[in-house]
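Structure file my_file06.cif (mmCIF, C-alpha atoms) follows.
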```cif
data_final
#
loop_
_atom_site.label_atom_id
_atom_site.label_comp_id
_atom_site.auth_asym_id
_atom_site.auth_seq_id
_atom_site.Cartn_x
_atom_site.Cartn_y
_atom_site.Cartn_z
CA VAL A 1 13.51 20.70 12.04
CA ASN A 2 13.70 17.57 9.90
CA TYR A 3 10.73 15.26 9.58
CA PHE A 4 11.25 11.87 11.24
CA GLU A 5 10.98 9.92 7.95
CA LYS A 6 12.93 10.30 4.72
CA GLU A 7 10.34 8.58 2.50
CA LEU A 8 6.55 8.97 2.45
CA ASP A 9 4.20 6.58 0.69
CA TYR A 10 0.58 7.08 -0.42
CA LYS A 11 -0.70 6.52 3.15
CA ASN A 12 0.72 9.89 4.17
CA ASN A 13 -1.89 11.45 1.86
CA VAL A 14 0.27 14.11 0.22
CA ILE A 15 -2.10 15.41 -2.45
CA ASN A 16 -1.30 19.10 -2.85
CA LEU A 17 1.68 21.32 -3.55
CA LEU A 18 1.71 22.96 -0.11
CA ALA A 19 2.01 19.59 1.67
CA ASN A 20 4.64 18.45 -0.83
CA ASN A 21 6.69 21.61 -0.30
CA PHE A 22 6.41 21.33 3.48
CA TYR A 23 7.76 17.77 3.52
CA LYS A 24 10.56 18.63 1.08
CA SER A 25 11.61 21.59 3.23
CA SER A 26 11.55 19.25 6.26
CA GLY A 27 14.10 16.87 4.72
CA VAL A 28 11.83 14.24 3.15
CA GLU A 29 13.57 12.87 0.05
CA VAL A 30 10.89 10.64 -1.55
CA ILE A 31 7.21 11.65 -1.60
CA GLU A 32 4.66 9.36 -3.23
CA ASP A 33 1.33 10.89 -4.33
CA GLY A 34 -1.62 10.21 -2.04
CA PHE A 35 -4.25 7.63 -3.01
CA ASP A 36 -6.60 10.27 -4.47
CA LEU A 37 -3.96 11.17 -7.06
CA ASN A 38 -2.80 7.59 -7.65
CA PRO A 39 -5.78 5.19 -7.40
CA ASN A 40 -3.93 2.39 -9.24
CA ILE A 41 -1.91 1.43 -6.16
CA LYS A 42 -1.82 -2.35 -5.76
CA ASN A 43 -3.64 -3.62 -2.64
CA PRO A 44 -4.03 -0.21 -0.95
CA GLN A 45 -4.89 0.29 2.70
CA LEU A 46 -7.42 3.10 3.04
CA MET A 47 -7.51 3.06 6.83
CA THR A 48 -5.86 1.25 9.72
CA THR A 49 -7.51 1.61 13.11
CA LYS A 50 -7.39 0.25 16.65
CA TYR A 51 -11.21 0.36 16.63
CA CYS A 52 -12.42 -3.15 15.83
CA ILE A 53 -15.91 -3.88 14.64
CA ARG A 54 -15.53 -7.55 15.60
CA TYR A 55 -14.79 -6.52 19.18
CA GLU A 56 -17.71 -4.07 19.14
CA LEU A 57 -20.11 -6.76 17.86
CA ASP A 58 -18.77 -9.27 20.42
CA ILE A 59 -17.42 -11.57 17.70
CA CYS A 60 -13.75 -10.98 18.52
CA LEU A 61 -11.68 -14.02 17.60
CA LEU A 62 -9.33 -13.42 20.54
CA LYS A 63 -12.08 -13.07 23.15
CA ASN A 64 -14.27 -15.82 21.72
CA SER A 65 -12.16 -18.58 20.23
CA HIS A 66 -15.29 -20.48 19.22
CA GLN A 67 -16.33 -17.70 16.82
CA GLU A 68 -16.46 -18.56 13.14
CA LYS A 69 -14.19 -16.42 10.98
CA VAL A 70 -16.29 -14.61 8.35
CA ASP A 71 -15.45 -11.84 5.89
CA LEU A 72 -16.87 -8.43 6.73
CA PHE A 73 -17.49 -5.48 4.39
CA LEU A 74 -18.64 -1.87 4.56
CA VAL A 75 -21.10 -1.16 1.74
CA ASN A 76 -22.89 1.95 0.54
CA ASN A 77 -24.56 2.95 -2.73
CA THR A 78 -21.31 3.37 -4.64
CA SER A 79 -18.59 1.29 -3.02
CA LYS A 80 -17.73 -1.87 -1.15
CA LEU A 81 -14.83 -1.91 1.30
CA LYS A 82 -13.28 -5.08 2.65
CA ILE A 83 -12.37 -5.22 6.32
CA GLU A 84 -9.27 -7.22 7.19
CA PHE A 85 -8.17 -7.94 10.73
CA ASP A 86 -4.75 -8.01 12.34
CA CYS A 87 -5.90 -9.74 15.51
CA LYS A 88 -2.38 -10.18 16.90
CA ASN A 89 -2.05 -6.38 17.07
CA CYS A 90 -5.79 -5.79 17.66
CA MET A 91 -6.16 -3.68 14.52
CA MET A 92 -8.64 -3.38 11.67
CA ILE A 93 -7.60 -2.56 8.08
CA ILE A 94 -10.02 -1.22 5.48
CA LYS A 95 -9.30 -1.80 1.79
CA PRO A 96 -11.30 -1.30 -1.41
CA GLU A 97 -12.90 -4.51 -2.64
CA ARG A 98 -11.64 -5.40 -6.10
CA MET A 99 -14.45 -6.64 -8.31
#
```

Represent the supplied structure as structure tokens.
Amino acid sequence: VNYFEKELDYKNNVINLLANNFYKSSGVEVIEDGFDLNPNIKNPQLMTTKYCIRYELDICLLKNSHQEKVDLFLVNNTSKLKIEFDCKNCMMIIKPERM
């Protein structure tokens, strides 16, 4: 059975030979290394999710049009991740913050 896509980018997270061989045997023609093997990708998306922290915190721009738009980040001891919002599609996108 052929895979439903002919090209896979870094978001498909192909980072080992077994995964690469599986996709090739399933008809995929172009396979880009996953982010862990290619961290120099320009403007990478690390995660896209329907879960929205703005909605959870009751600061959703669609529900509350009077809300001020502010940048949000996830921060731990070693990294800072920027949260971007696709409010039209009610999605949240997490990207590494470039310093």

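Around A:Lys6, within 9 Å and counting all atoms listed in the file, the residues found are Gly27, Val28, Glu29, Val30 and Ile31 of chain A, once anything fewer than 5 positions away on its own chain is removed.
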
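Shortest atom-to-atom contact with A:Asp86 among A:Ala19, A:Leu46, A:Leu62, A:Leu57: A:Leu62, counting all atoms listed in the file.
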
Handout entry: Residue members of the PyMOL selection byres ((chain A and resi 49) around 7) in the file shown, as JSON, numbers by chain
Key = {"A": [47, 48, 50, 51, 91, 92, 93]}

Any chance you can output those residues with C-alpha atoms as a tab-separated table (two decimals), keeping the file's coordinate frame?
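Once written, result15.tsv looks like this:
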```tsv
chain	number	residue	atom	x	y	z
A	47	MET	CA	-7.51	3.06	6.83
A	48	THR	CA	-5.86	1.25	9.72
A	50	LYS	CA	-7.39	0.25	16.65
A	51	TYR	CA	-11.21	0.36	16.63
A	91	MET	CA	-6.16	-3.68	14.52
A	92	MET	CA	-8.64	-3.38	11.67
A	93	ILE	CA	-7.60	-2.56	8.08
```

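The space between atom CA of A:Asp9 and atom CA of A:Glu32 spans 4.8 Å.
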
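Atom pair atom CA of A:Leu74 / atom CA of A:Pro96 has a distance of 9.5 Å (rounded to one decimal).
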